[in-house]
$ cat coords.pdb   # PDB, C-alpha atoms and all ligand atoms
ATOM      1  CA  MET U   1      20.707  -2.469  -5.456
ATOM      2  CA  PRO U   2      20.090  -6.002  -6.833
ATOM      3  CA  ASP U   3      18.348  -6.192 -10.187
ATOM      4  CA  VAL U   4      14.881  -7.083  -8.919
ATOM      5  CA  ARG U   5      13.620  -7.315 -12.475
ATOM      6  CA  ALA U   6      15.534 -10.554 -12.920
ATOM      7  CA  ALA U   7      12.698 -12.170 -10.912
ATOM      8  CA  ALA U   8       9.124 -12.646 -12.137
ATOM      9  CA  PRO U   9       6.793  -9.790 -11.139
ATOM     10  CA  CYS U  10       4.676 -10.337  -8.035
ATOM     11  CA  LEU U  11       2.024  -7.978  -9.386
ATOM     12  CA  GLU U  12       1.032  -7.197 -12.961
ATOM     13  CA  VAL U  13      -1.816  -4.840 -13.790
ATOM     14  CA  HIS U  14      -2.826  -4.547 -17.454
ATOM     15  CA  GLN U  15      -5.391  -2.109 -18.773
ATOM     16  CA  LEU U  16      -7.310  -1.978 -15.507
ATOM     17  CA  THR U  17     -10.585  -0.112 -15.697
ATOM     18  CA  GLY U  18     -12.906   0.350 -12.736
ATOM     19  CA  PHE U  19     -16.300   1.808 -11.980
ATOM     20  CA  TYR U  20     -18.344   3.074  -9.048
ATOM     21  CA  ASN U  21     -21.865   2.391 -10.342
ATOM     22  CA  GLU U  22     -21.863   4.152 -13.725
ATOM     23  CA  THR U  23     -18.905   6.426 -12.931
ATOM     24  CA  GLN U  24     -15.618   5.308 -14.424
ATOM     25  CA  ALA U  25     -12.721   5.961 -12.014
ATOM     26  CA  LEU U  26      -9.964   3.932 -13.724
ATOM     27  CA  HIS U  27      -9.286   4.272 -17.450
ATOM     28  CA  GLY U  28      -6.657   1.634 -18.217
ATOM     29  CA  ILE U  29      -3.987   1.421 -15.510
ATOM     30  CA  ASP U  30      -0.798  -0.486 -16.366
ATOM     31  CA  LEU U  31       1.789  -1.210 -13.720
ATOM     32  CA  THR U  32       4.224  -3.908 -12.656
ATOM     33  CA  VAL U  33       5.798  -4.585  -9.267
ATOM     34  CA  TYR U  34       8.779  -6.885  -8.729
ATOM     35  CA  PRO U  35       9.594  -8.770  -5.510
ATOM     36  CA  GLY U  36      11.502  -6.658  -3.009
ATOM     37  CA  GLU U  37      10.576  -3.269  -4.444
ATOM     38  CA  VAL U  38       8.899  -0.293  -2.814
ATOM     39  CA  VAL U  39       6.694   1.220  -5.507
ATOM     40  CA  CYS U  40       4.744   4.436  -4.955
ATOM     41  CA  LEU U  41       1.575   5.630  -6.650
ATOM     42  CA  LEU U  42       1.616   9.419  -6.797
ATOM     43  CA  GLY U  43      -0.919  11.919  -8.113
ATOM     44  CA  ARG U  44      -3.516  14.472  -7.158
ATOM     45  CA  ASN U  45      -6.645  13.881  -5.065
ATOM     46  CA  GLY U  46      -9.227  11.881  -6.942
ATOM     47  CA  ALA U  47      -6.729  10.576  -9.524
ATOM     48  CA  GLY U  48      -7.625   6.926  -8.861
ATOM     49  CA  LYS U  49      -4.786   5.739  -6.604
ATOM     50  CA  THR U  50      -6.940   4.281  -3.813
ATOM     51  CA  THR U  51      -9.304   2.752  -6.360
ATOM     52  CA  THR U  52      -6.323   0.991  -7.976
ATOM     53  CA  LEU U  53      -5.342  -0.608  -4.648
ATOM     54  CA  ARG U  54      -8.968  -1.563  -3.940
ATOM     55  CA  ALA U  55      -9.268  -3.177  -7.372
ATOM     56  CA  ILE U  56      -6.082  -5.214  -6.805
ATOM     57  CA  VAL U  57      -7.444  -6.719  -3.568
ATOM     58  CA  GLY U  58     -10.877  -7.318  -5.071
ATOM     59  CA  LEU U  59     -12.808  -4.637  -3.185
ATOM     60  CA  LEU U  60     -13.928  -2.913  -6.384
ATOM     61  CA  SER U  61     -16.630  -5.116  -7.808
ATOM     62  CA  ARG U  62     -16.753  -3.549 -11.284
ATOM     63  CA  ARG U  63     -13.199  -3.992 -12.475
ATOM     64  CA  TYR U  64     -11.991  -5.088 -15.911
ATOM     65  CA  GLY U  65      -8.591  -5.770 -17.406
ATOM     66  CA  ARG U  66      -6.014  -8.172 -16.051
ATOM     67  CA  ILE U  67      -4.527  -8.327 -12.556
ATOM     68  CA  VAL U  68      -1.976 -11.054 -11.825
ATOM     69  CA  VAL U  69      -0.747 -11.589  -8.247
ATOM     70  CA  ASN U  70       2.186 -13.967  -7.816
ATOM     71  CA  GLY U  71       1.490 -15.483 -11.208
ATOM     72  CA  ARG U  72      -2.267 -16.038 -10.678
ATOM     73  CA  SER U  73      -5.004 -14.040 -12.365
ATOM     74  CA  THR U  74      -7.469 -12.548  -9.884
ATOM     75  CA  GLU U  75     -10.306 -12.505 -12.388
ATOM     76  CA  GLY U  76     -13.558 -13.488 -10.706
ATOM     77  CA  LEU U  77     -11.882 -14.018  -7.312
ATOM     78  CA  ALA U  78     -13.397 -12.731  -4.058
ATOM     79  CA  PRO U  79     -11.235 -10.575  -1.746
ATOM     80  CA  GLU U  80     -10.517 -13.492   0.612
ATOM     81  CA  ASP U  81      -9.283 -15.638  -2.290
ATOM     82  CA  ILE U  82      -7.033 -12.815  -3.509
ATOM     83  CA  ALA U  83      -5.646 -12.463   0.036
ATOM     84  CA  HIS U  84      -4.648 -16.145  -0.127
ATOM     85  CA  LEU U  85      -2.405 -15.294  -3.095
ATOM     86  CA  GLY U  86      -0.217 -13.388  -0.637
ATOM     87  CA  VAL U  87      -1.373  -9.774  -0.809
ATOM     88  CA  ALA U  88      -2.582  -7.637   2.118
ATOM     89  CA  TYR U  89      -4.164  -4.178   2.145
ATOM     90  CA  CYS U  90      -3.800  -1.472   4.781
ATOM     91  CA  PRO U  91      -6.564   1.068   4.052
ATOM     92  CA  GLU U  92      -6.304   4.817   4.542
ATOM     93  CA  GLU U  93      -8.971   4.712   7.272
ATOM     94  CA  ARG U  94      -6.834   2.107   9.139
ATOM     95  CA  GLY U  95      -9.802   0.074  10.413
ATOM     96  CA  ILE U  96      -8.644  -0.357  14.019
ATOM     97  CA  PHE U  97     -11.282  -1.933  16.270
ATOM     98  CA  ALA U  98     -11.850   0.596  19.042
ATOM     99  CA  SER U  99     -13.194  -1.948  21.528
ATOM    100  CA  LEU U 100     -10.167  -4.250  21.171
ATOM    101  CA  ASN U 101      -6.724  -3.589  22.597
ATOM    102  CA  VAL U 102      -3.531  -3.446  20.532
ATOM    103  CA  GLU U 103      -2.705  -7.125  20.926
ATOM    104  CA  GLU U 104      -6.264  -8.222  20.164
ATOM    105  CA  ASN U 105      -6.248  -6.072  17.024
ATOM    106  CA  LEU U 106      -2.901  -7.597  16.012
ATOM    107  CA  LEU U 107      -4.211 -11.140  16.450
ATOM    108  CA  LEU U 108      -7.436 -10.547  14.534
ATOM    109  CA  PRO U 109      -6.494 -11.119  10.866
ATOM    110  CA  PRO U 110      -6.216 -14.814  10.004
ATOM    111  CA  ILE U 111      -2.866 -16.304   8.999
ATOM    112  CA  LEU U 112      -3.249 -17.108   5.304
ATOM    113  CA  LYS U 113       0.217 -18.306   4.391
ATOM    114  CA  PRO U 114       3.267 -19.538   6.304
ATOM    115  CA  GLY U 115       6.161 -17.148   6.813
ATOM    116  CA  GLY U 116       4.349 -14.246   8.468
ATOM    117  CA  MET U 117       5.933 -12.261  11.297
ATOM    118  CA  THR U 118       5.297 -13.204  14.923
ATOM    119  CA  VAL U 119       3.744 -10.736  17.360
ATOM    120  CA  ASP U 120       7.158 -10.351  19.028
ATOM    121  CA  GLU U 121       8.768  -9.527  15.674
ATOM    122  CA  ILE U 122       6.051  -6.945  15.034
ATOM    123  CA  TYR U 123       6.699  -5.430  18.472
ATOM    124  CA  ALA U 124      10.423  -5.286  17.664
ATOM    125  CA  LEU U 125       9.557  -3.356  14.488
ATOM    126  CA  PHE U 126       7.142  -1.018  16.317
ATOM    127  CA  PRO U 127       8.248  -0.770  19.978
ATOM    128  CA  ASN U 128       5.453   1.777  20.638
ATOM    129  CA  LEU U 129       2.934  -0.999  20.062
ATOM    130  CA  LYS U 130       4.563  -3.203  22.681
ATOM    131  CA  LEU U 131       4.368  -0.396  25.241
ATOM    132  CA  ARG U 132       0.673   0.063  24.418
ATOM    133  CA  ARG U 133      -0.256  -3.581  23.946
ATOM    134  CA  LYS U 134      -3.097  -3.574  26.486
ATOM    135  CA  SER U 135      -4.452  -0.150  25.425
ATOM    136  CA  PRO U 136      -7.804  -0.092  23.651
ATOM    137  CA  GLY U 137      -7.918   1.130  20.057
ATOM    138  CA  THR U 138      -9.708   4.291  21.170
ATOM    139  CA  ARG U 139      -6.746   5.405  23.292
ATOM    140  CA  LEU U 140      -4.132   5.238  20.545
ATOM    141  CA  SER U 141      -2.587   8.241  18.841
ATOM    142  CA  GLY U 142      -2.858   8.522  15.060
ATOM    143  CA  GLY U 143       0.714   7.279  14.721
ATOM    144  CA  GLU U 144       0.094   4.274  16.964
ATOM    145  CA  GLN U 145      -3.054   3.451  15.017
ATOM    146  CA  GLN U 146      -1.088   3.567  11.769
ATOM    147  CA  MET U 147       1.645   1.323  13.174
ATOM    148  CA  LEU U 148      -1.041  -1.100  14.349
ATOM    149  CA  ALA U 149      -2.760  -1.049  10.960
ATOM    150  CA  ILE U 150       0.531  -1.956   9.253
ATOM    151  CA  GLY U 151       1.617  -4.377  11.999
ATOM    152  CA  ARG U 152      -1.664  -6.254  11.780
ATOM    153  CA  ILE U 153      -1.131  -7.344   8.163
ATOM    154  CA  LEU U 154       2.423  -8.598   8.799
ATOM    155  CA  ARG U 155       1.216 -11.742  10.597
ATOM    156  CA  THR U 156      -0.885 -12.938   7.679
ATOM    157  CA  GLY U 157       2.018 -14.302   5.654
ATOM    158  CA  ALA U 158       1.378 -11.863   2.790
ATOM    159  CA  LYS U 159       4.627 -10.674   1.230
ATOM    160  CA  LEU U 160       3.026  -8.052  -1.010
ATOM    161  CA  LEU U 161       1.714  -5.148   1.091
ATOM    162  CA  LEU U 162      -0.569  -2.421  -0.246
ATOM    163  CA  LEU U 163      -0.375   0.680   1.962
ATOM    164  CA  ASP U 164      -2.751   3.601   1.438
ATOM    165  CA  GLU U 165      -1.554   7.030   2.619
ATOM    166  CA  CYS U 166       0.226   5.680   5.674
ATOM    167  CA  THR U 167       1.711   9.081   6.610
ATOM    168  CA  GLU U 168      -1.491  11.105   6.369
ATOM    169  CA  GLY U 169      -2.029  13.443   9.306
ATOM    170  CA  LEU U 170       1.056  12.249  11.208
ATOM    171  CA  ALA U 171       3.781  14.348  12.839
ATOM    172  CA  PRO U 172       7.204  14.392  11.129
ATOM    173  CA  VAL U 173       8.855  12.330  13.880
ATOM    174  CA  ILE U 174       6.221   9.589  13.452
ATOM    175  CA  ILE U 175       6.530   9.750   9.672
ATOM    176  CA  ASP U 176      10.257   9.070  10.110
ATOM    177  CA  LYS U 177       9.451   5.969  12.177
ATOM    178  CA  ILE U 178       7.052   4.697   9.526
ATOM    179  CA  GLY U 179       9.771   5.282   6.919
ATOM    180  CA  GLU U 180      12.264   3.267   8.986
ATOM    181  CA  ALA U 181       9.725   0.444   9.333
ATOM    182  CA  ILE U 182       9.136   0.385   5.570
ATOM    183  CA  ALA U 183      12.881   0.198   4.939
ATOM    184  CA  ALA U 184      13.156  -2.651   7.472
ATOM    185  CA  LEU U 185      10.280  -4.530   5.830
ATOM    186  CA  ARG U 186      11.900  -4.143   2.419
ATOM    187  CA  GLN U 187      15.111  -5.497   3.922
ATOM    188  CA  ARG U 188      13.163  -8.531   5.206
ATOM    189  CA  GLY U 189      11.937  -9.293   1.699
ATOM    190  CA  PHE U 190       8.508  -7.687   1.720
ATOM    191  CA  THR U 191       7.296  -5.921  -1.406
ATOM    192  CA  ILE U 192       5.361  -2.696  -0.947
ATOM    193  CA  LEU U 193       2.992  -0.843  -3.242
ATOM    194  CA  MET U 194       1.971   2.392  -1.573
ATOM    195  CA  VAL U 195      -0.232   5.371  -2.294
ATOM    196  CA  GLU U 196       1.426   8.518  -1.034
ATOM    197  CA  GLN U 197       0.595  12.222  -1.150
ATOM    198  CA  ASN U 198       3.740  13.215   0.733
ATOM    199  CA  PHE U 199       6.279  13.330  -2.098
ATOM    200  CA  ARG U 200       9.183  14.116   0.218
ATOM    201  CA  PHE U 201       8.463  10.918   2.168
ATOM    202  CA  ALA U 202       7.820   8.860  -0.969
ATOM    203  CA  SER U 203      11.050   9.978  -2.605
ATOM    204  CA  GLY U 204      12.960   8.815   0.493
ATOM    205  CA  VAL U 205      11.503   5.290   0.663
ATOM    206  CA  GLY U 206      10.461   4.425  -2.903
ATOM    207  CA  ASP U 207      12.438   2.576  -5.568
ATOM    208  CA  ARG U 208      10.010   3.337  -8.417
ATOM    209  CA  PHE U 209       7.101   5.702  -8.908
ATOM    210  CA  TYR U 210       3.977   5.841 -11.036
ATOM    211  CA  VAL U 211       2.085   9.086 -11.486
ATOM    212  CA  ILE U 212      -1.655   8.613 -11.914
ATOM    213  CA  GLU U 213      -3.988  11.193 -13.379
ATOM    214  CA  GLU U 214      -7.641  10.734 -14.288
ATOM    215  CA  GLY U 215      -7.432   6.988 -13.836
ATOM    216  CA  GLN U 216      -4.350   6.438 -16.025
ATOM    217  CA  VAL U 217      -0.606   6.204 -15.523
ATOM    218  CA  ILE U 218       0.815   9.343 -17.120
ATOM    219  CA  GLU U 219       4.457   8.938 -16.087
ATOM    220  CA  GLN U 220       6.803   6.518 -14.365
ATOM    221  CA  PHE U 221      10.328   6.967 -13.086
ATOM    222  CA  ASN U 222      12.812   5.511 -10.627
ATOM    223  CA  ARG U 223      14.554   7.066  -7.652
ATOM    224  CA  GLN U 224      17.631   7.956  -9.664
ATOM    225  CA  ALA U 225      15.476  10.084 -11.978
ATOM    226  CA  ILE U 226      14.309  12.106  -8.967
ATOM    227  CA  ASP U 227      17.887  12.989  -8.125
ATOM    228  CA  GLU U 228      18.654  13.904 -11.726
ATOM    229  CA  ASP U 229      15.419  15.626 -12.681
ATOM    230  CA  ARG U 230      13.760  16.792  -9.457
ATOM    231  CA  PRO U 231      12.499  20.194 -10.705
ATOM    232  CA  ARG U 232      10.611  18.629 -13.625
ATOM    233  CA  ILE U 233       9.122  15.878 -11.441
ATOM    234  CA  GLU U 234       8.081  18.325  -8.723
ATOM    235  CA  ALA U 235       6.438  20.511 -11.365
ATOM    236  CA  LEU U 236       4.600  17.473 -12.739
ATOM    237  CA  LEU U 237       3.273  16.615  -9.285
ATOM    238  CA  GLY U 238       2.535  20.211  -8.338
ATOM    239  CA  VAL U 239       4.687  20.044  -5.188
TER     240      VAL U 239
HETATM  241  N1  LIG T 301     -17.178   5.159  -3.113
HETATM  242  C1  LIG T 301     -17.146   5.930  -4.206
HETATM  243  N2  LIG T 301     -18.255   6.175  -4.921
HETATM  244  C2  LIG T 301     -18.220   6.941  -6.046
HETATM  245  N3  LIG T 301     -17.117   7.537  -6.532
HETATM  246  C3  LIG T 301     -15.961   7.322  -5.852
HETATM  247  C4  LIG T 301     -15.926   6.528  -4.652
HETATM  248  N4  LIG T 301     -14.653   6.517  -4.200
HETATM  249  C5  LIG T 301     -13.928   7.278  -5.066
HETATM  250  N5  LIG T 301     -14.723   7.759  -6.059
HETATM  251  C6  LIG T 301     -14.283   8.599  -7.192
HETATM  252  O1  LIG T 301     -13.332   7.869  -7.950
HETATM  253  C7  LIG T 301     -12.276   8.722  -8.373
HETATM  254  C8  LIG T 301     -10.951   8.174  -7.892
HETATM  255  O2  LIG T 301     -10.927   8.250  -6.463
HETATM  256  P1  LIG T 301      -9.715   7.669  -5.586
HETATM  257  O3  LIG T 301     -10.141   7.687  -4.149
HETATM  258  O4  LIG T 301      -9.236   6.392  -6.156
HETATM  259  O5  LIG T 301      -8.600   8.777  -5.817
HETATM  260  P2  LIG T 301      -7.207   8.974  -5.105
HETATM  261  O6  LIG T 301      -6.224   9.213  -6.181
HETATM  262  O7  LIG T 301      -6.928   7.855  -4.178
HETATM  263  O8  LIG T 301      -7.414  10.327  -4.309
HETATM  264  P3  LIG T 301      -7.415  10.655  -2.749
HETATM  265  O9  LIG T 301      -6.035  10.961  -2.428
HETATM  266  O10 LIG T 301      -8.328  11.833  -2.665
HETATM  267  O11 LIG T 301      -7.959   9.436  -2.032
HETATM  268  C9  LIG T 301     -12.605  10.115  -7.842
HETATM  269  O12 LIG T 301     -13.240  10.832  -8.876
HETATM  270  C10 LIG T 301     -13.544   9.844  -6.710
HETATM  271  O13 LIG T 301     -14.441  10.916  -6.534
END

$ encode --input "coords.pdb" --output "structure tokens" --more "lines below"
Ligand SMILES: Nc1ncnc2c1ncn2[C@@H]1O[C@H](COP(=O)(O)OP(=O)(O)OP(=O)(O)O)[C@@H](O)[C@H]1O
Amino acid sequence: MPDVRAAAPCLEVHQLTGFYNETQALHGIDLTVYPGEVVCLLGRNGAGKTTTLRAIVGLLSRRYGRIVVNGRSTEGLAPEDIAHLGVAYCPEERGIFASLNVEENLLLPPILKPGGMTVDEIYALFPNLKLRRKSPGTRLSGGEQQMLAIGRILRTGAKLLLLDECTEGLAPVIIDKIGEAIAALRQRGFTILMVEQNFRFASGVGDRFYVIEEGQVIEQFNRQAIDEDRPRIEALLGV
């Protein structure tokens, strides 16, 4: 594996705190992501993983601390301005428009930077989507919806992808396909920061891992550590 850390980070998060009204959900998150990595946020329900992704893309209005995307601070920026820095978010709820077909959903997000994938390249990555390209969003299986939700952000030109629980509720055979797509995207030079509850899946696709608990990073390790220390890590995650 090339030493990705020789490059400048594409995402730096320093002492990120975040609130929903008066409730504090994030208590000082620190993390760094380098170009070309797949980094996973692990941790129990309610730990603050989704909130961290939402803060990075500007969807959490009460956020404090420092977030730097591709060398630019996101302080005070609106979500659309942060998107222009080259980051895209695929939410857990997927957000597929039921009244639009697959191709219309794919074409919906605006192209924000050059270098995004073409629709044909997205179909090559997810052949199921090509077969279903005229099907309305309502007719898609959960797996097809997830592929569409990921495929849709690949056109935008963003190279840093934030994926939230992209295997949730999917059959093992579909999870394998998502894993293959993530490996292919990494190969193409995308960087991925993903929230994942399925540790078995995460440990197969991730390069580095952060464990979040009560809005803080309590542990970080790389894939090699999983091979060497799996019992301790599984105990830590309660899996
Ligand atoms: N819209 C909201 N309003 C108020 N509190 C929220 C909201 N969304 C999340 N929270 C709270 O913020 C904390 C962090 O939630 P978050 O969704 O980030 O956790 P998570 O680690 O992603 O867990 P999960 O896997 O359950 O999504 C939790 O205590 C949660 O109850």

$ atom_distance --input "coords.pdb" --atom1 "CA of Val239 (chain U)" --atom2 "CA of Phe199 (chain U)"
7.6 Å

$ residues_near_ligand --input "coords.pdb" --ligand "ligand LIG 301 (chain T)" --cutoff "12 Å" --atoms "only C-alpha atoms and all ligand atoms" --output "number ranges by chain"
U: 17-27, 29, 41-55, 59-62, 91-93, 163-166, 168, 194-198, 210-217

$ closest_residue --input "coords.pdb" --among "U:Asp207, U:Pro127, U:Ile226, U:Gly115" --to "Ala181 (chain U)" --atoms "all atoms listed in the file"
U:Pro127

$ resolve_selection --input "coords.pdb" --expression "the PyMOL selection byres (((chain U and resi 96-99) around 10) and not hetatm)" --output "PyMOL selection string"
chain U and resi 93-95+100-102+104-106+108+135-140+145-146+148-149+152

$ residues_around --input "coords.pdb" --residues "Gly179 (chain U)" --least-positions-apart "6" --cutoff "10 Å" --atoms "all atoms listed in the file" --output "JSON, numbers by chain"
{"U": [166, 167, 173, 185, 201, 202, 204, 205, 206]}

$ write_last_selection --input "coords.pdb" --atoms "C-alpha atoms" --output "mmCIF file, keeping the file's coordinate frame"
data_model
loop_
_atom_site.group_PDB
_atom_site.id
_atom_site.type_symbol
_atom_site.label_atom_id
_atom_site.label_comp_id
_atom_site.auth_asym_id
_atom_site.auth_seq_id
_atom_site.Cartn_x
_atom_site.Cartn_y
_atom_site.Cartn_z
ATOM 1 C CA CYS U 166 0.226 5.680 5.674
ATOM 2 C CA THR U 167 1.711 9.081 6.610
ATOM 3 C CA VAL U 173 8.855 12.330 13.880
ATOM 4 C CA LEU U 185 10.280 -4.530 5.830
ATOM 5 C CA PHE U 201 8.463 10.918 2.168
ATOM 6 C CA ALA U 202 7.820 8.860 -0.969
ATOM 7 C CA GLY U 204 12.960 8.815 0.493
ATOM 8 C CA VAL U 205 11.503 5.290 0.663
ATOM 9 C CA GLY U 206 10.461 4.425 -2.903
#

$ build_atoms --input "coords.pdb" --residues "region 139-162 of chain U" --atoms "N, CA and C atoms" --output "mmCIF file, in the frame of the given file"
data_model
loop_
_atom_site.group_PDB
_atom_site.id
_atom_site.type_symbol
_atom_site.label_atom_id
_atom_site.label_comp_id
_atom_site.auth_asym_id
_atom_site.auth_seq_id
_atom_site.Cartn_x
_atom_site.Cartn_y
_atom_site.Cartn_z
ATOM 1 N N ARG U 139 -7.729 4.610 22.552
ATOM 2 C CA ARG U 139 -6.746 5.405 23.292
ATOM 3 C C ARG U 139 -5.465 5.658 22.505
ATOM 4 N N LEU U 140 -5.391 5.145 21.289
ATOM 5 C CA LEU U 140 -4.132 5.238 20.545
ATOM 6 C C LEU U 140 -4.038 6.568 19.797
ATOM 7 N N SER U 141 -2.817 7.065 19.683
ATOM 8 C CA SER U 141 -2.587 8.241 18.841
ATOM 9 C C SER U 141 -2.725 7.828 17.376
ATOM 10 N N GLY U 142 -2.783 8.820 16.490
ATOM 11 C CA GLY U 142 -2.858 8.522 15.060
ATOM 12 C C GLY U 142 -1.673 7.684 14.600
ATOM 13 N N GLY U 143 -0.492 8.013 15.115
ATOM 14 C CA GLY U 143 0.714 7.279 14.721
ATOM 15 C C GLY U 143 0.664 5.842 15.198
ATOM 16 N N GLU U 144 0.195 5.643 16.442
ATOM 17 C CA GLU U 144 0.094 4.274 16.964
ATOM 18 C C GLU U 144 -0.945 3.481 16.178
ATOM 19 N N GLN U 145 -2.033 4.137 15.828
ATOM 20 C CA GLN U 145 -3.054 3.451 15.017
ATOM 21 C C GLN U 145 -2.471 3.012 13.674
ATOM 22 N N GLN U 146 -1.669 3.905 13.076
ATOM 23 C CA GLN U 146 -1.088 3.567 11.769
ATOM 24 C C GLN U 146 -0.116 2.403 11.894
ATOM 25 N N MET U 147 0.706 2.434 12.950
ATOM 26 C CA MET U 147 1.645 1.323 13.174
ATOM 27 C C MET U 147 0.879 0.023 13.374
ATOM 28 N N LEU U 148 -0.224 0.092 14.105
ATOM 29 C CA LEU U 148 -1.041 -1.100 14.349
ATOM 30 C C LEU U 148 -1.672 -1.600 13.043
ATOM 31 N N ALA U 149 -2.123 -0.663 12.233
ATOM 32 C CA ALA U 149 -2.760 -1.049 10.960
ATOM 33 C C ALA U 149 -1.754 -1.755 10.050
ATOM 34 N N ILE U 150 -0.508 -1.283 10.056
ATOM 35 C CA ILE U 150 0.531 -1.956 9.253
ATOM 36 C C ILE U 150 0.934 -3.264 9.934
ATOM 37 N N GLY U 151 1.169 -3.189 11.261
ATOM 38 C CA GLY U 151 1.617 -4.377 11.999
ATOM 39 C C GLY U 151 0.652 -5.540 11.840
ATOM 40 N N ARG U 152 -0.624 -5.226 11.832
ATOM 41 C CA ARG U 152 -1.664 -6.254 11.780
ATOM 42 C C ARG U 152 -1.593 -7.123 10.523
ATOM 43 N N ILE U 153 -1.149 -6.535 9.397
ATOM 44 C CA ILE U 153 -1.131 -7.344 8.163
ATOM 45 C C ILE U 153 0.176 -8.143 8.022
ATOM 46 N N LEU U 154 1.129 -7.917 8.939
ATOM 47 C CA LEU U 154 2.423 -8.598 8.799
ATOM 48 C C LEU U 154 2.371 -10.043 9.285
ATOM 49 N N ARG U 155 1.364 -10.367 10.097
ATOM 50 C CA ARG U 155 1.216 -11.742 10.597
ATOM 51 C C ARG U 155 0.633 -12.685 9.551
ATOM 52 N N THR U 156 -0.059 -12.116 8.563
ATOM 53 C CA THR U 156 -0.885 -12.938 7.679
ATOM 54 C C THR U 156 -0.078 -13.831 6.740
ATOM 55 N N GLY U 157 1.199 -13.527 6.596
ATOM 56 C CA GLY U 157 2.018 -14.302 5.654
ATOM 57 C C GLY U 157 2.087 -13.663 4.277
ATOM 58 N N ALA U 158 1.314 -12.579 4.071
ATOM 59 C CA ALA U 158 1.378 -11.863 2.790
ATOM 60 C C ALA U 158 2.752 -11.218 2.655
ATOM 61 N N LYS U 159 3.322 -11.312 1.469
ATOM 62 C CA LYS U 159 4.627 -10.674 1.230
ATOM 63 C C LYS U 159 4.470 -9.415 0.386
ATOM 64 N N LEU U 160 3.306 -9.258 -0.224
ATOM 65 C CA LEU U 160 3.026 -8.052 -1.010
ATOM 66 C C LEU U 160 2.053 -7.195 -0.203
ATOM 67 N N LEU U 161 2.513 -6.016 0.222
ATOM 68 C CA LEU U 161 1.714 -5.148 1.091
ATOM 69 C C LEU U 161 1.269 -3.919 0.318
ATOM 70 N N LEU U 162 -0.020 -3.615 0.398
ATOM 71 C CA LEU U 162 -0.569 -2.421 -0.246
ATOM 72 C C LEU U 162 -0.907 -1.417 0.851
#
